[in-house]
Every structure is written in structure tokens, then in C-alpha cells.
$ cat upload_15.pdb   # PDB, C-alpha atoms
ATOM      1  CA  MET A  28       5.765 -11.597   3.742  1.00  0.00           C
ATOM      2  CA  ASN A  29       5.467 -14.337   1.145  1.00  0.00           C
ATOM      3  CA  TRP A  30       8.169 -13.829  -1.493  1.00  0.00           C
ATOM      4  CA  TRP A  31       6.652 -16.248  -4.004  1.00  0.00           C
ATOM      5  CA  TYR A  32       3.195 -14.648  -3.785  1.00  0.00           C
ATOM      6  CA  CYS A  33       4.756 -11.234  -4.439  1.00  0.00           C
ATOM      7  CA  VAL A  34       6.722 -12.580  -7.407  1.00  0.00           C
ATOM      8  CA  LYS A  35       3.517 -13.897  -8.954  1.00  0.00           C
ATOM      9  CA  GLU A  36       1.766 -10.557  -8.421  1.00  0.00           C
ATOM     10  CA  ILE A  37       4.653  -8.600  -9.964  1.00  0.00           C
ATOM     11  CA  SER A  38       4.703 -10.954 -12.945  1.00  0.00           C
ATOM     12  CA  GLN A  39       1.098  -9.823 -13.531  1.00  0.00           C
ATOM     13  CA  ARG A  40       2.248  -6.192 -13.853  1.00  0.00           C
ATOM     14  CA  LYS A  41       1.496  -5.119 -10.300  1.00  0.00           C
ATOM     15  CA  SER A  42       3.871  -2.713  -8.575  1.00  0.00           C
ATOM     16  CA  VAL A  43       6.017  -3.870  -5.667  1.00  0.00           C
ATOM     17  CA  THR A  44       3.837  -1.922  -3.235  1.00  0.00           C
ATOM     18  CA  ARG A  45       0.650  -3.426  -4.653  1.00  0.00           C
ATOM     19  CA  ALA A  46       2.119  -6.923  -4.481  1.00  0.00           C
ATOM     20  CA  LEU A  47       3.154  -6.507  -0.841  1.00  0.00           C
ATOM     21  CA  LEU A  48      -0.218  -4.968   0.033  1.00  0.00           C
ATOM     22  CA  ASN A  49      -2.163  -7.784  -1.616  1.00  0.00           C
ATOM     23  CA  ASP A  50      -0.007 -10.277   0.268  1.00  0.00           C
ATOM     24  CA  ARG A  51      -1.008  -8.598   3.548  1.00  0.00           C
ATOM     25  CA  LEU A  52      -4.687  -8.426   2.582  1.00  0.00           C
ATOM     26  CA  ARG A  53      -4.823 -12.215   2.272  1.00  0.00           C
ATOM     27  CA  PHE A  54      -5.091 -12.265   6.076  1.00  0.00           C
ATOM     28  CA  GLU A  55      -8.031  -9.842   6.363  1.00  0.00           C
ATOM     29  CA  ALA A  56     -11.473 -11.315   5.716  1.00  0.00           C
ATOM     30  CA  LEU A  57     -14.480  -9.412   4.424  1.00  0.00           C
ATOM     31  CA  ALA A  58     -17.566 -10.062   6.523  1.00  0.00           C
ATOM     32  CA  GLY A  59     -21.137  -8.807   6.716  1.00  0.00           C
ATOM     33  CA  LYS A  60     -22.304  -5.661   4.973  1.00  0.00           C
ATOM     34  CA  THR A  61     -19.165  -4.356   3.263  1.00  0.00           C
ATOM     35  CA  ILE A  62     -18.343  -1.237   1.243  1.00  0.00           C
ATOM     36  CA  ASP A  63     -15.191  -0.316  -0.645  1.00  0.00           C
ATOM     37  CA  ILE A  64     -14.633   3.452  -0.541  1.00  0.00           C
ATOM     38  CA  GLY A  65     -12.768   4.695  -3.607  1.00  0.00           C
ATOM     39  CA  GLY A  66     -11.771   1.263  -4.892  1.00  0.00           C
ATOM     40  CA  GLY A  67     -13.339   1.482  -8.314  1.00  0.00           C
ATOM     41  CA  LYS A  68     -15.180  -1.226 -10.197  1.00  0.00           C
ATOM     42  CA  ASP A  69     -12.481  -3.899 -10.464  1.00  0.00           C
ATOM     43  CA  ALA A  70     -10.054  -3.338  -7.593  1.00  0.00           C
ATOM     44  CA  THR A  71      -7.127  -5.738  -7.983  1.00  0.00           C
ATOM     45  CA  TYR A  72      -6.848  -6.388  -4.253  1.00  0.00           C
ATOM     46  CA  LEU A  73     -10.311  -7.922  -3.855  1.00  0.00           C
ATOM     47  CA  PRO A  74      -9.414 -11.400  -5.205  1.00  0.00           C
ATOM     48  CA  ALA A  75      -6.700 -11.631  -2.554  1.00  0.00           C
ATOM     49  CA  MET A  76      -9.100 -11.210   0.363  1.00  0.00           C
ATOM     50  CA  PRO A  77     -11.038 -14.107   1.908  1.00  0.00           C
ATOM     51  CA  LYS A  78     -14.776 -13.547   2.144  1.00  0.00           C
ATOM     52  CA  ALA A  79     -17.191 -14.807   4.768  1.00  0.00           C
ATOM     53  CA  SER A  80     -20.420 -16.433   3.625  1.00  0.00           C
ATOM     54  CA  ASP A  81     -22.466 -13.454   4.843  1.00  0.00           C
ATOM     55  CA  VAL A  82     -20.698 -10.776   2.757  1.00  0.00           C
ATOM     56  CA  VAL A  83     -22.945  -8.272   1.002  1.00  0.00           C
ATOM     57  CA  PHE A  84     -20.520  -6.191  -1.051  1.00  0.00           C
ATOM     58  CA  SER A  85     -20.814  -2.738  -2.627  1.00  0.00           C
ATOM     59  CA  THR A  86     -18.443  -0.033  -3.845  1.00  0.00           C
ATOM     60  CA  PHE A  87     -18.535   3.735  -3.805  1.00  0.00           C
ATOM     61  CA  ASP A  88     -16.208   5.758  -6.014  1.00  0.00           C
ATOM     62  CA  VAL A  89     -16.506   9.228  -7.504  1.00  0.00           C
ATOM     63  CA  LYS A  90     -14.712   7.932 -10.608  1.00  0.00           C
ATOM     64  CA  ALA A  91     -17.659   5.612 -11.193  1.00  0.00           C
ATOM     65  CA  GLY A  92     -20.085   8.525 -11.459  1.00  0.00           C
ATOM     66  CA  ALA A  93     -20.859   9.418  -7.842  1.00  0.00           C
ATOM     67  CA  THR A  94     -21.669  13.106  -7.542  1.00  0.00           C
ATOM     68  CA  ILE A  95     -20.507  13.864  -4.009  1.00  0.00           C
ATOM     69  CA  ASN A  96     -17.331  15.672  -3.030  1.00  0.00           C
ATOM     70  CA  PHE A  97     -15.087  13.562  -0.757  1.00  0.00           C
ATOM     71  CA  GLU A  98     -13.606  16.798   0.572  1.00  0.00           C
ATOM     72  CA  THR A  99     -16.808  18.215   2.030  1.00  0.00           C
ATOM     73  CA  ASP A 100     -19.893  16.015   1.576  1.00  0.00           C
ATOM     74  CA  PRO A 101     -21.154  13.237   3.858  1.00  0.00           C
ATOM     75  CA  LEU A 102     -20.874   9.731   2.482  1.00  0.00           C
ATOM     76  CA  PRO A 103     -24.265   8.413   1.290  1.00  0.00           C
ATOM     77  CA  ALA A 104     -24.821   6.054   4.205  1.00  0.00           C
ATOM     78  CA  THR A 105     -26.467   6.177   7.596  1.00  0.00           C
ATOM     79  CA  ASP A 106     -24.517   6.056  10.835  1.00  0.00           C
ATOM     80  CA  SER A 107     -23.112   2.616  11.763  1.00  0.00           C
ATOM     81  CA  MET A 108     -24.330   1.048   8.506  1.00  0.00           C
ATOM     82  CA  TYR A 109     -21.417  -1.244   7.569  1.00  0.00           C
ATOM     83  CA  ASP A 110     -19.688  -4.170   9.227  1.00  0.00           C
ATOM     84  CA  THR A 111     -16.576  -3.761   7.076  1.00  0.00           C
ATOM     85  CA  VAL A 112     -15.254  -0.689   5.277  1.00  0.00           C
ATOM     86  CA  LEU A 113     -12.347  -0.837   2.821  1.00  0.00           C
ATOM     87  CA  PHE A 114     -10.378   2.408   2.618  1.00  0.00           C
ATOM     88  CA  LEU A 115      -7.303   1.705   0.512  1.00  0.00           C
ATOM     89  CA  ASN A 116      -5.134   4.201  -1.395  1.00  0.00           C
ATOM     90  CA  VAL A 117      -7.597   7.065  -1.036  1.00  0.00           C
ATOM     91  CA  MET A 118      -6.432   9.475   1.667  1.00  0.00           C
ATOM     92  CA  GLU A 119      -3.382  10.787  -0.189  1.00  0.00           C
ATOM     93  CA  HIS A 120      -5.737  12.163  -2.859  1.00  0.00           C
ATOM     94  CA  ILE A 121      -7.942  14.102  -0.394  1.00  0.00           C
ATOM     95  CA  PHE A 122      -6.856  17.483   0.970  1.00  0.00           C
ATOM     96  CA  ASN A 123      -9.526  17.592   3.696  1.00  0.00           C
ATOM     97  CA  HIS A 124      -8.568  14.111   4.873  1.00  0.00           C
ATOM     98  CA  GLN A 125      -9.938  14.519   8.411  1.00  0.00           C
ATOM     99  CA  HIS A 126     -13.448  15.018   7.055  1.00  0.00           C
ATOM    100  CA  LEU A 127     -13.304  11.802   5.027  1.00  0.00           C
ATOM    101  CA  ALA A 128     -11.728   9.853   7.908  1.00  0.00           C
ATOM    102  CA  ASN A 129     -14.571  11.047  10.145  1.00  0.00           C
ATOM    103  CA  GLU A 130     -17.115   9.862   7.572  1.00  0.00           C
ATOM    104  CA  VAL A 131     -15.496   6.435   7.176  1.00  0.00           C
ATOM    105  CA  VAL A 132     -15.632   5.841  10.937  1.00  0.00           C
ATOM    106  CA  ARG A 133     -19.169   7.239  11.140  1.00  0.00           C
ATOM    107  CA  ILE A 134     -20.606   4.694   8.679  1.00  0.00           C
ATOM    108  CA  THR A 135     -18.845   1.765  10.402  1.00  0.00           C
ATOM    109  CA  LYS A 136     -20.860  -0.238  12.919  1.00  0.00           C
ATOM    110  CA  VAL A 137     -19.810  -0.345  16.554  1.00  0.00           C
ATOM    111  CA  GLY A 138     -17.628  -3.439  16.639  1.00  0.00           C
ATOM    112  CA  GLY A 139     -17.090  -3.165  12.881  1.00  0.00           C
ATOM    113  CA  THR A 140     -13.792  -2.900  11.055  1.00  0.00           C
ATOM    114  CA  VAL A 141     -12.097  -0.467   8.705  1.00  0.00           C
ATOM    115  CA  ILE A 142      -9.289  -1.970   6.602  1.00  0.00           C
ATOM    116  CA  GLY A 143      -7.060   0.615   4.956  1.00  0.00           C
ATOM    117  CA  PHE A 144      -3.752   1.568   3.435  1.00  0.00           C
ATOM    118  CA  VAL A 145      -1.849   4.718   2.496  1.00  0.00           C
ATOM    119  CA  PRO A 146       1.387   4.866   0.480  1.00  0.00           C
ATOM    120  CA  PHE A 147       4.516   6.462   1.935  1.00  0.00           C
ATOM    121  CA  LEU A 148       7.633   5.923  -0.218  1.00  0.00           C
ATOM    122  CA  MET A 149       5.771   6.374  -3.467  1.00  0.00           C
ATOM    123  CA  TRP A 150       6.056   8.449  -6.628  1.00  0.00           C
ATOM    124  CA  TYR A 151       3.699  11.321  -7.375  1.00  0.00           C
ATOM    125  CA  HIS A 152       0.439   9.844  -8.668  1.00  0.00           C
ATOM    126  CA  PRO A 153      -2.397  12.380  -9.164  1.00  0.00           C
ATOM    127  CA  ASP A 154      -5.905  10.931  -9.333  1.00  0.00           C
ATOM    128  CA  HIS A 155      -7.003  13.684  -9.760  1.00  0.00           C
ATOM    129  CA  HIS A 156      -4.654  15.082  -7.111  1.00  0.00           C
ATOM    130  CA  ASP A 157      -1.881  13.754  -4.866  1.00  0.00           C
ATOM    131  CA  TYR A 158      -1.553  15.794  -1.679  1.00  0.00           C
ATOM    132  CA  PHE A 159      -0.001  13.860   1.223  1.00  0.00           C
ATOM    133  CA  ARG A 160       2.183  11.080   2.607  1.00  0.00           C
ATOM    134  CA  TYR A 161       1.218   9.967   6.133  1.00  0.00           C
ATOM    135  CA  THR A 162       3.370   8.544   8.923  1.00  0.00           C
ATOM    136  CA  ASP A 163       2.010   6.033  11.420  1.00  0.00           C
ATOM    137  CA  GLU A 164       1.905   8.814  14.028  1.00  0.00           C
ATOM    138  CA  ALA A 165      -0.244  10.994  11.776  1.00  0.00           C
ATOM    139  CA  LEU A 166      -2.646   8.130  11.046  1.00  0.00           C
ATOM    140  CA  GLN A 167      -2.997   7.378  14.756  1.00  0.00           C
ATOM    141  CA  LYS A 168      -4.044  10.976  15.448  1.00  0.00           C
ATOM    142  CA  ILE A 169      -6.356  11.235  12.426  1.00  0.00           C
ATOM    143  CA  PHE A 170      -8.328   8.084  13.215  1.00  0.00           C
ATOM    144  CA  THR A 171      -8.423   8.605  16.967  1.00  0.00           C
ATOM    145  CA  THR A 172      -9.869  12.061  16.290  1.00  0.00           C
ATOM    146  CA  ALA A 173     -12.379  10.438  13.907  1.00  0.00           C
ATOM    147  CA  GLY A 174     -13.692   8.222  16.725  1.00  0.00           C
ATOM    148  CA  ALA A 175     -11.921   4.890  16.241  1.00  0.00           C
ATOM    149  CA  THR A 176     -11.450   3.145  19.587  1.00  0.00           C
ATOM    150  CA  LYS A 177      -8.642   0.856  18.397  1.00  0.00           C
ATOM    151  CA  VAL A 178      -6.098   1.774  15.721  1.00  0.00           C
ATOM    152  CA  THR A 179      -3.600  -0.867  14.600  1.00  0.00           C
ATOM    153  CA  ILE A 180      -0.979   0.307  12.112  1.00  0.00           C
ATOM    154  CA  GLU A 181       1.867  -1.636  10.536  1.00  0.00           C
ATOM    155  CA  PRO A 182       4.427  -0.696   7.889  1.00  0.00           C
ATOM    156  CA  ILE A 183       4.421  -2.473   4.563  1.00  0.00           C
ATOM    157  CA  ALA A 184       8.199  -2.719   4.258  1.00  0.00           C
ATOM    158  CA  HIS A 185      11.172  -4.982   3.672  1.00  0.00           C
ATOM    159  CA  GLY A 186      14.077  -2.557   3.766  1.00  0.00           C
ATOM    160  CA  PRO A 187      15.746   0.071   1.537  1.00  0.00           C
ATOM    161  CA  PHE A 188      16.398  -2.159  -1.464  1.00  0.00           C
ATOM    162  CA  THR A 189      12.767  -3.238  -1.711  1.00  0.00           C
ATOM    163  CA  ALA A 190      11.784   0.434  -1.480  1.00  0.00           C
ATOM    164  CA  ALA A 191      14.154   1.128  -4.377  1.00  0.00           C
ATOM    165  CA  ALA A 192      12.659  -1.797  -6.293  1.00  0.00           C
ATOM    166  CA  GLN A 193       9.241  -0.120  -6.063  1.00  0.00           C
ATOM    167  CA  MET A 194      10.684   2.913  -7.838  1.00  0.00           C
ATOM    168  CA  ILE A 195      12.518   1.142 -10.663  1.00  0.00           C
ATOM    169  CA  THR A 196      11.056  -2.338 -11.249  1.00  0.00           C
ATOM    170  CA  GLN A 197       8.317  -1.262 -13.644  1.00  0.00           C
ATOM    171  CA  SER A 198      10.929   0.434 -15.845  1.00  0.00           C
ATOM    172  CA  PHE A 199      12.134  -3.037 -16.851  1.00  0.00           C
ATOM    173  CA  PRO A 200      10.502  -5.378 -19.382  1.00  0.00           C
ATOM    174  CA  ARG A 201       7.740  -7.449 -17.826  1.00  0.00           C
ATOM    175  CA  LEU A 202       9.727 -10.711 -17.817  1.00  0.00           C
ATOM    176  CA  LEU A 203      12.582  -9.067 -15.916  1.00  0.00           C
ATOM    177  CA  GLN A 204      10.455  -7.413 -13.232  1.00  0.00           C
ATOM    178  CA  PRO A 205      10.191 -10.501 -10.948  1.00  0.00           C
ATOM    179  CA  VAL A 206      13.955 -11.035 -11.338  1.00  0.00           C
ATOM    180  CA  VAL A 207      14.755  -7.456 -10.321  1.00  0.00           C
ATOM    181  CA  PHE A 208      12.381  -7.680  -7.372  1.00  0.00           C
ATOM    182  CA  THR A 209      13.931 -10.972  -6.232  1.00  0.00           C
ATOM    183  CA  LEU A 210      17.442  -9.496  -6.398  1.00  0.00           C
ATOM    184  CA  PHE A 211      16.492  -6.474  -4.318  1.00  0.00           C
ATOM    185  CA  TYR A 212      14.402  -8.557  -1.919  1.00  0.00           C
ATOM    186  CA  GLY A 213      17.387 -10.832  -1.334  1.00  0.00           C
ATOM    187  CA  MET A 214      19.679  -7.861  -0.684  1.00  0.00           C
ATOM    188  CA  ASP A 215      17.222  -6.637   1.937  1.00  0.00           C
ATOM    189  CA  SER A 216      17.115 -10.059   3.591  1.00  0.00           C
ATOM    190  CA  LEU A 217      20.870  -9.721   4.151  1.00  0.00           C
ATOM    191  CA  TYR A 218      20.500  -6.087   5.219  1.00  0.00           C
ATOM    192  CA  LEU A 219      17.834  -6.967   7.788  1.00  0.00           C
ATOM    193  CA  TRP A 220      19.958  -9.809   9.106  1.00  0.00           C
ATOM    194  CA  LEU A 221      22.680  -7.245   9.795  1.00  0.00           C
ATOM    195  CA  ARG A 222      20.337  -4.450  10.932  1.00  0.00           C
ATOM    196  CA  PRO A 223      17.045  -6.086  11.951  1.00  0.00           C
ATOM    197  CA  LYS A 224      15.423  -2.951  13.412  1.00  0.00           C
ATOM    198  CA  ARG A 225      15.853  -0.764  10.343  1.00  0.00           C
ATOM    199  CA  GLY A 226      13.368  -2.324   7.923  1.00  0.00           C
ATOM    200  CA  LYS A 227      10.383  -0.314   9.131  1.00  0.00           C
ATOM    201  CA  ASN A 228      12.251   2.921   8.371  1.00  0.00           C
ATOM    202  CA  PHE A 229      11.739   2.241   4.659  1.00  0.00           C
ATOM    203  CA  ALA A 230       7.970   1.790   4.612  1.00  0.00           C
ATOM    204  CA  LEU A 231       6.378   1.703   1.195  1.00  0.00           C
ATOM    205  CA  GLY A 232       3.135   2.450   2.990  1.00  0.00           C
ATOM    206  CA  TYR A 233       1.110   1.895   6.137  1.00  0.00           C
ATOM    207  CA  PHE A 234      -1.575  -0.736   6.522  1.00  0.00           C
ATOM    208  CA  PHE A 235      -4.176  -0.043   9.190  1.00  0.00           C
ATOM    209  CA  VAL A 236      -7.121  -1.806  10.811  1.00  0.00           C
ATOM    210  CA  LEU A 237      -9.583   0.248  12.846  1.00  0.00           C
ATOM    211  CA  GLN A 238     -12.286  -0.758  15.265  1.00  0.00           C
ATOM    212  CA  LYS A 239     -15.099   1.531  16.274  1.00  0.00           C
TER     213      LYS A 239
END

$ encode --input "upload_15.pdb" --output "C-alpha cells"
Amino acid sequence: MNWWYCVKEISQRKSVTRALLNDRLRFEALAGKTIDIGGGKDATYLPAMPKASDVVFSTFDVKAGATINFETDPLPATDSMYDTVLFLNVMEHIFNHQHLANEVVRITKVGGTVIGFVPFLMWYHPDHHDYFRYTDEALQKIFTTAGATKVTIEPIAHGPFTAAAQMITQSFPRLLQPVVFTLFYGMDSLYLWLRPKRGKNFALGYFFVLQK
């Protein structure tokens, strides 16, 4: 985790979770035919991600006027259509999450990649609904059932104080937000020095990469 990168993101009004997620996404490249499921028109994480020269990028989001139902309808793509599928901050808003997970894996090429994230220690945020928080064990089962052959999951976490910072930082004036984050981040650095195995217990969310 790059502290300075996160400070810069938070100074631009991003939440602690978003800053940590964008920091992680800097190490995942977009390649080939790529679609962003549910990311909207101007997703703030896209500038963080490196892009191969062969990227052909598109988005699909019901908020942008799509008329399908993520709960029940197939995604408008043929089987094995995409090299890369982005699936970030969507599953918590879908009650029938197994259906959508199945669809995301279905449209991914054999050998392709799904890059995703779900929040865990996060406030209620309906868009239009907010149904679930997933553990790494739940995600493993969901995506294995969907047909992914390799599921890699890692917590986005830096300890209990950073988790608390996610909840309170945006209550402060903008100029103070990086200062508050830095204070809590530093407290966690000491905490993890004393209890190095406990950081993952305070996951702000889970980042996952799937192969089909």
C-alpha cells in the first residue's frame, strides 16, 4: 500500500476505501476487449489502471439507460466475448448475486480475466439498494459456482484504525481529511507491528481476480 498515493486520492475527495482500491488497481492492466459492468460513465478508478495498446473499452450500466434487469436478465453479450471484465462495487447492490456472477464469468473469454471488488466494512449505501457484505469465503464459493477456474481474493485492509478512518474521515473539512487519514494510518502501522496477523480482520473490502 502506497501511503502517499492514498493521501493524494483522499485530498481529491475520495473515501479511504476508494483510495486504497485505486492504489491496488494500479497493478492490474486492462487488455484486449474490455467491459466495465456497472461502472458508470466516468468511473474514478479507470485513470489509475494501466492500459495495454490493444484495449477496446466499453461500459455497461443500468444507470446509463440500459433496460435489462441485473437480477434476472442475461448480459447483452455472447459467451466468451471479453478479454477483461471489470466488476467493481456492484454485487452488494444485487439480491440475486449468483445470477450476475454467472453472467460475468459467462461473457469472459477462456483465459480472460475478471477484476472486481466488494466492500465489507462499509456504511449503508443504496444504489438503488444495498443488500449484502461478502466475506472471502463467500466470494470463493460464488465464483467457483459461476465457473471460474482460478479465484484470487485479497483483503483491502490496513487495520482497525484505517477501517475507522473510512467511517469518519469524510466528516472533516476537505483539507483535514488527509491529516486524519495519516494519523489513523500511522496508528495502524504501530498496531500491525505489534499484531502483524490481525490487519486482514479489518477488511474494508475484498479485491478479487478471476480466471476462466

$ resolve_selection --input "upload_15.pdb" --expression "the PyMOL selection byres ((chain A and resi 165-178) around 6)" --output "number ranges by chain"
A: 129, 161-164, 179, 237-239

$ closest_atom_pairs --input "upload_15.pdb" --of "segment 138-194 of chain A" --to "segment 104-110 of chain A" --cutoff "8 Å" --atoms "only C-alpha atoms" --output "Markdown table"
| residue | atom | partner | partner_atom | distance |
| --- | --- | --- | --- | --- |
| A:Gly138 | CA | A:Asp110 | CA | 7.7 |
| A:Gly139 | CA | A:Asp110 | CA | 4.6 |
| A:Thr140 | CA | A:Asp110 | CA | 6.3 |

$ atom_distance --input "upload_15.pdb" --atom1 "atom CA of Leu113 of chain A" --atom2 "atom CA of Asn49 of chain A"
13.1 Å

$ closest_residue --input "upload_15.pdb" --among "A:Leu221, A:Gly66, A:Gly226, A:Asn29" --to "Leu48 of chain A" --atoms "only C-alpha atoms"
A:Asn29

$ closest_residue --input "upload_15.pdb" --among "A:Val34, A:Thr111, A:Asp100, A:Ile95" --to "Val82 of chain A" --atoms "all atoms listed in the file"
A:Thr111

$ resolve_selection --input "upload_15.pdb" --expression "the PyMOL selection byres ((chain A and resi 38) around 9)" --output "ChimeraX atom specification"
/A:33-37,39-41,201-205

$ closest_residue --input "upload_15.pdb" --among "A:Leu115, A:Val207, A:Met76, A:Leu127" --to "Thr99 of chain A" --atoms "all atoms listed in the file"
A:Leu127

$ resolve_selection --input "upload_15.pdb" --expression "the PyMOL selection byres ((chain A and resi 229-233) around 9)" --output "PyMOL selection string"
chain A and resi 43-44+48+143-149+160-163+166+180-190+193+225-228+234-235

$ atom_distance --input "upload_15.pdb" --atom1 "atom CA of Phe199 of chain A" --atom2 "atom CA of Arg222 of chain A"
29.0 Å

$ closest_residue --input "upload_15.pdb" --among "A:Ile134, A:His124, A:Glu119, A:Met194" --to "Tyr158 of chain A" --atoms "only C-alpha atoms"
A:Glu119

$ atom_distance --input "upload_15.pdb" --atom1 "atom CA of Val117 of chain A" --atom2 "atom CA of Arg133 of chain A"
16.8 Å

$ closest_residue --input "upload_15.pdb" --among "A:Val206, A:Met28, A:Val236, A:Leu219" --to "Phe114 of chain A" --atoms "all atoms listed in the file"
A:Val236

$ closest_residue --input "upload_15.pdb" --among "A:Trp150, A:Asp63, A:Arg45, A:Pro101" --to "Ala75 of chain A" --atoms "all atoms listed in the file"
A:Arg45

$ residues_around --input "upload_15.pdb" --residues "Ser85 of chain A" --least-positions-apart "3" --cutoff "10 Å" --atoms "all atoms listed in the file" --output "list of chain:residue names"
A:Lys60, A:Thr61, A:Ile62, A:Asp63, A:Ile64, A:Lys68, A:Val82, A:Val112

$ axis_aligned_box --input "upload_15.pdb" --around "segment 190-200 of chain A" --padding-each-side "6 Å" --output "JSON"
{"center_x": 11.2, "center_y": -1.2, "center_z": -10.4, "size_x": 17.8, "size_y": 20.3, "size_z": 29.9}

$ decode --input "upload_15.pdb" --residues "segment 148-160 of chain A" --atoms "N, CA and C atoms" --output "short mmCIF file (atom, residue, chain, number, x, y, z; two decimals), in the first residue's frame"
data_model
loop_
_atom_site.label_atom_id
_atom_site.label_comp_id
_atom_site.auth_asym_id
_atom_site.auth_seq_id
_atom_site.Cartn_x
_atom_site.Cartn_y
_atom_site.Cartn_z
N LEU A 148 -16.40 -3.60 5.38
CA LEU A 148 -16.66 -2.64 6.45
C LEU A 148 -17.02 -1.31 5.80
N MET A 149 -18.28 -1.14 5.56
CA MET A 149 -18.77 -0.01 4.77
C MET A 149 -20.15 0.39 5.27
N TRP A 150 -20.43 1.69 5.22
CA TRP A 150 -21.76 2.17 5.59
C TRP A 150 -22.80 1.74 4.57
N TYR A 151 -24.05 1.83 4.96
CA TYR A 151 -25.18 1.55 4.08
C TYR A 151 -25.19 2.56 2.93
N HIS A 152 -25.20 2.05 1.69
CA HIS A 152 -25.16 2.95 0.54
C HIS A 152 -26.06 2.41 -0.58
N PRO A 153 -27.37 2.67 -0.51
CA PRO A 153 -28.30 2.17 -1.52
C PRO A 153 -28.10 2.82 -2.87
N ASP A 154 -28.13 1.96 -3.93
CA ASP A 154 -27.94 2.49 -5.29
C ASP A 154 -28.51 1.49 -6.30
N HIS A 155 -29.71 1.24 -6.41
CA HIS A 155 -30.82 1.75 -5.62
C HIS A 155 -31.02 0.96 -4.32
N HIS A 156 -30.35 -0.13 -4.16
CA HIS A 156 -30.47 -0.97 -2.97
C HIS A 156 -29.07 -1.30 -2.46
N ASP A 157 -29.01 -1.79 -1.22
CA ASP A 157 -27.74 -2.25 -0.65
C ASP A 157 -28.07 -3.49 0.19
N TYR A 158 -27.77 -4.68 -0.36
CA TYR A 158 -28.25 -5.92 0.22
C TYR A 158 -27.22 -6.67 1.08
N PHE A 159 -25.95 -6.74 0.64
CA PHE A 159 -25.03 -7.72 1.21
C PHE A 159 -23.65 -7.14 1.50
N ARG A 160 -22.94 -7.84 2.42
CA ARG A 160 -21.49 -7.73 2.58
C ARG A 160 -20.94 -9.15 2.48
#
